[in-house]
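*Asks:* Dropping in upload_32.csv, with CSV, C-alpha atoms.
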```csv
chain,number,residue,atom,x,y,z
H,1,MET,CA,0.0,0.0,0.0
H,2,ASN,CA,1.4,3.4,-0.9
H,3,ALA,CA,1.6,6.5,1.3
H,4,SER,CA,-1.4,8.2,-0.2
H,5,GLN,CA,-3.6,5.2,0.4
H,6,VAL,CA,-2.4,4.9,4.0
H,7,LEU,CA,-3.0,8.6,4.7
H,8,LEU,CA,-6.5,8.4,3.1
H,9,LEU,CA,-7.4,5.6,5.4
H,10,ALA,CA,-6.1,7.6,8.4
H,11,PHE,CA,-8.4,10.4,7.4
H,12,LEU,CA,-11.3,8.0,6.8
H,13,ILE,CA,-11.0,6.4,10.2
H,14,GLY,CA,-11.2,9.9,11.6
H,15,VAL,CA,-14.5,10.4,9.7
H,16,ILE,CA,-15.7,7.2,11.4
H,17,ALA,CA,-14.7,8.7,14.8
H,18,GLY,CA,-16.7,11.8,13.8
H,19,LEU,CA,-19.8,9.6,13.4
H,20,ARG,CA,-19.2,7.6,16.6
H,21,SER,CA,-16.3,8.7,18.6
H,22,LEU,CA,-15.5,5.3,20.2
H,23,THR,CA,-16.2,3.0,17.2
H,24,ALA,CA,-13.0,4.1,15.5
H,25,PRO,CA,-10.6,3.2,18.3
H,26,ALA,CA,-12.5,0.0,19.0
H,27,VAL,CA,-12.1,-1.3,15.5
H,28,VAL,CA,-8.5,-0.2,15.4
H,29,ALA,CA,-7.8,-2.0,18.7
H,30,TRP,CA,-9.5,-5.1,17.4
H,31,ALA,CA,-7.5,-4.9,14.1
H,32,ALA,CA,-4.2,-4.5,16.1
H,33,HIS,CA,-5.2,-7.3,18.4
H,34,ARG,CA,-6.0,-9.6,15.5
H,35,ASN,CA,-2.7,-8.6,13.8
H,36,TRP,CA,-4.4,-6.9,10.8
H,37,LEU,CA,-2.5,-3.8,11.8
H,38,THR,CA,1.2,-4.1,12.8
H,39,LEU,CA,1.7,-1.8,15.8
H,40,HIS,CA,4.3,-4.0,17.6
H,41,ASN,CA,7.3,-2.1,19.0
H,42,THR,CA,5.7,1.3,18.3
H,43,SER,CA,4.4,4.0,20.6
H,44,LEU,CA,0.9,2.8,19.8
H,45,SER,CA,1.4,-0.9,20.5
H,46,PHE,CA,-1.0,-0.6,23.5
H,47,MET,CA,-3.8,-0.4,21.0
H,48,GLY,CA,-3.5,-4.1,20.3
H,49,SER,CA,-3.7,-5.1,24.0
H,50,ALA,CA,-6.5,-7.1,25.4
H,51,ALA,CA,-7.2,-4.2,27.8
H,52,ALA,CA,-7.5,-1.7,25.0
H,53,VAL,CA,-9.8,-4.0,23.1
H,54,ALA,CA,-12.0,-4.6,26.1
H,55,ILE,CA,-12.1,-0.9,27.2
H,56,PHE,CA,-12.8,0.5,23.7
H,57,THR,CA,-15.3,-2.1,22.9
H,58,LEU,CA,-17.3,-1.6,26.1
H,59,LEU,CA,-17.2,2.2,25.7
H,60,ALA,CA,-18.3,1.9,22.0
H,61,ILE,CA,-21.2,-0.3,22.9
H,62,GLY,CA,-22.2,2.2,25.6
H,63,GLU,CA,-21.9,5.1,23.1
H,64,LEU,CA,-24.2,3.2,20.6
H,65,ILE,CA,-26.8,2.8,23.4
H,66,ALA,CA,-26.5,6.4,24.7
H,67,ASP,CA,-26.8,7.8,21.3
H,68,GLN,CA,-30.4,6.6,21.2
H,69,LEU,CA,-31.4,8.6,24.3
H,70,PRO,CA,-33.1,11.9,23.7
H,71,SER,CA,-31.0,13.5,26.4
H,72,THR,CA,-27.7,12.8,24.6
H,73,PRO,CA,-26.2,16.1,23.4
H,74,VAL,CA,-25.4,16.7,19.8
H,75,ARG,CA,-22.1,15.5,18.5
H,76,THR,CA,-21.0,19.0,17.6
H,77,ALA,CA,-21.2,20.3,21.1
H,78,PRO,CA,-17.7,20.9,22.6
H,79,PRO,CA,-17.3,17.7,24.7
H,80,GLY,CA,-18.4,15.4,21.9
H,81,LEU,CA,-16.5,17.2,19.3
H,82,ILE,CA,-13.3,17.2,21.4
H,83,ALA,CA,-13.7,13.4,21.9
H,84,ARG,CA,-14.1,13.0,18.1
H,85,ILE,CA,-11.0,15.0,17.4
H,86,VAL,CA,-8.8,13.2,20.0
H,87,LEU,CA,-10.0,9.7,19.2
H,88,GLY,CA,-9.9,10.4,15.4
H,89,GLY,CA,-6.3,11.5,15.9
H,90,LEU,CA,-5.4,8.4,17.9
H,91,SER,CA,-7.1,6.1,15.3
H,92,GLY,CA,-5.5,7.9,12.4
H,93,ALA,CA,-2.1,7.8,14.0
H,94,SER,CA,-2.5,4.1,14.5
H,95,LEU,CA,-3.2,3.5,10.9
H,96,ALA,CA,-0.4,5.7,9.7
H,97,VAL,CA,2.1,3.9,12.0
H,98,ALA,CA,0.8,0.5,10.7
H,99,GLY,CA,1.3,1.8,7.2
H,100,MET,CA,4.8,3.0,8.0
H,101,GLN,CA,3.9,6.7,7.6
H,102,SER,CA,4.2,9.7,9.9
H,103,VAL,CA,2.4,9.3,13.2
H,104,ALA,CA,1.9,13.1,13.4
H,105,LEU,CA,0.5,13.3,9.9
H,106,GLY,CA,-1.8,10.4,10.6
H,107,ALA,CA,-3.0,12.0,13.8
H,108,VAL,CA,-3.7,15.3,12.1
H,109,LEU,CA,-5.6,13.6,9.3
H,110,GLY,CA,-7.6,11.5,11.7
H,111,ALA,CA,-8.5,14.6,13.8
H,112,VAL,CA,-9.5,16.5,10.7
H,113,GLY,CA,-11.6,13.5,9.6
H,114,GLY,CA,-13.2,13.6,13.1
H,115,VAL,CA,-14.4,17.2,12.6
H,116,ILE,CA,-15.7,16.5,9.1
H,117,GLY,CA,-17.4,13.3,10.2
H,118,ALA,CA,-19.0,15.1,13.2
H,119,PHE,CA,-20.5,18.0,11.3
H,120,GLY,CA,-21.2,16.1,8.1
H,121,GLY,CA,-22.8,13.2,9.9
H,122,TYR,CA,-25.0,15.5,11.9
H,123,GLN,CA,-26.2,17.3,8.7
H,124,VAL,CA,-26.8,14.0,6.9
H,125,ARG,CA,-28.7,12.5,9.8
H,126,THR,CA,-30.9,15.5,10.5
H,127,ARG,CA,-31.7,15.9,6.8
H,128,LEU,CA,-32.5,12.3,6.2
H,129,VAL,CA,-34.9,12.2,9.2
H,130,LYS,CA,-36.7,15.3,7.7
H,131,ALA,CA,-36.6,14.1,4.1
H,132,LEU,CA,-37.7,10.6,4.8
H,133,LYS,CA,-40.1,11.5,7.6
H,134,VAL,CA,-38.9,8.6,9.7
H,135,PRO,CA,-38.1,8.6,13.4
H,136,ASP,CA,-34.5,9.6,14.3
H,137,LEU,CA,-34.0,6.1,15.7
H,138,VAL,CA,-34.2,4.6,12.2
H,139,ILE,CA,-31.5,6.8,10.8
H,140,ALA,CA,-29.4,6.5,14.0
H,141,LEU,CA,-29.4,2.7,13.6
H,142,LEU,CA,-28.5,3.0,9.9
H,143,GLU,CA,-25.7,5.3,10.9
H,144,ASP,CA,-24.5,2.8,13.5
H,145,THR,CA,-24.4,0.1,10.9
H,146,VAL,CA,-22.6,2.3,8.3
H,147,THR,CA,-20.1,3.4,11.0
H,148,ILE,CA,-19.2,-0.2,12.2
H,149,ALA,CA,-19.1,-1.6,8.7
H,150,GLY,CA,-17.0,1.3,7.4
H,151,GLY,CA,-14.6,1.1,10.3
H,152,LEU,CA,-14.1,-2.6,9.8
H,153,PHE,CA,-13.7,-2.1,6.0
H,154,ILE,CA,-11.0,0.5,6.6
H,155,VAL,CA,-8.9,-1.5,9.0
H,156,SER,CA,-9.2,-4.6,6.9
H,157,ARG,CA,-7.3,-2.9,4.0
H,158,PHE,CA,-4.0,-3.5,5.8
```
Just dump the structure as structure tokens.

*Replies:*
Amino acid sequence: MNASQVLLLAFLIGVIAGLRSLTAPAVVAWAAHRNWLTLHNTSLSFMGSAAAVAIFTLLAIGELIADQLPSTPVRTAPPGLIARIVLGGLSGASLAVAGMQSVALGAVLGAVGGVIGAFGGYQVRTRLVKALKVPDLVIALLEDTVTIAGGLFIVSRF
């Protein structure tokens, strides 16, 4: 895989983090744990640990459930947006390192992807609910499916 492809995937995993902040690091942790991503002997090797897999998976499941609650704040509010930037950066950096590219560039691209995914995902979701005249839950579940499948697709490219 060439540098451009690796960096594109780092950006795209950030977009996944923008949609669901904890899904991106969960799929990255699983990919590293299953040796789809090679993070051994790097500063991000902890992502492949059983602890990282367990923690990120449980948190991602919790986020998927919490997203369905009417009291959940919008993803573009500061706490949610910051989480998407940080976790998009972590996930993007992990993919960049696995593809033998710059950790810093991967982190920046993942963070930018997180912002774009957060705002773009919010716009798409709200517009689909209005256009299709369906409950938000229907589009939220579709978004969950796209996010998980997209994240798995991205990490499986390595």

*Asks:* Could you produce a table of the residues of range 75-116 of chain H lying within 10 Å of range 46-49 of chain H, with the nearest pair of atoms per residue and their separation in Å rounded to one decimal, using all atoms listed in the file, ordered by chain and increasing residue number, as CSV?

*Replies:*
```
residue,atom,partner,partner_atom,distance
H:Leu90,CA,H:Met47,CA,9.5
H:Ser91,CA,H:Met47,CA,9.3
H:Ser94,CA,H:Met47,CA,8.0
```

*Asks:* Give me the residues near Ala149 in chain H as JSON, numbers by chain, where near means some atom within 12 Å (using all atoms listed in the file) and where sequence neighbours in that chain fewer than 3 positions away do not count.

*Replies:* {"H": [13, 16, 23, 24, 27, 142, 143, 144, 145, 146, 152, 153, 154, 155, 156]}

*Asks:* Between H:Val115, H:Ile82, H:Ile61, H:Ala32, which is the closest to Gly18 in chain H once you count all atoms listed in the file?

*Replies:*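 Checking each candidate against Gly18 in chain H, we get H:Val115 as the closest.
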
*Asks:* Expressed in Å to a single decimal, how great is the separation between CA of Val112 in chain H and CA of Arg125 in chain H?

*Replies:* 19.6 Å

*Asks:* In Å, rounded to a single decimal, give me how far CA of Gly62 in chain H is from CA of Ala93 in chain H.

*Replies:*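 Answer for the CA of Ala93 in chain H to CA of Gly62 in chain H separation: 23.9 Å.
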
*Asks:* Rounded to one decimal in Å, what is the spacing between CA of Ala17 in chain H and CA of Thr42 in chain H?

*Replies:*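 These two atoms are separated by 22.0 Å.
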
*Asks:* Pick out the residues sitting within 8 Å of range 1-6 of chain H, and hand them over as a JSON list (two decimals) with C-alpha atoms, in the frame of the given file; count all atoms listed in the file, and ignore anything fewer than 5 positions along from it in its own chain.

*Replies:*
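part27.json written:
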```json
[["chain", "number", "residue", "atom", "x", "y", "z"],
["H", 95, "LEU", "CA", -3.20, 3.50, 10.90],
["H", 96, "ALA", "CA", -0.40, 5.70, 9.70],
["H", 99, "GLY", "CA", 1.30, 1.80, 7.20],
["H", 101, "GLN", "CA", 3.90, 6.70, 7.60],
["H", 158, "PHE", "CA", -4.00, -3.50, 5.80]]
```
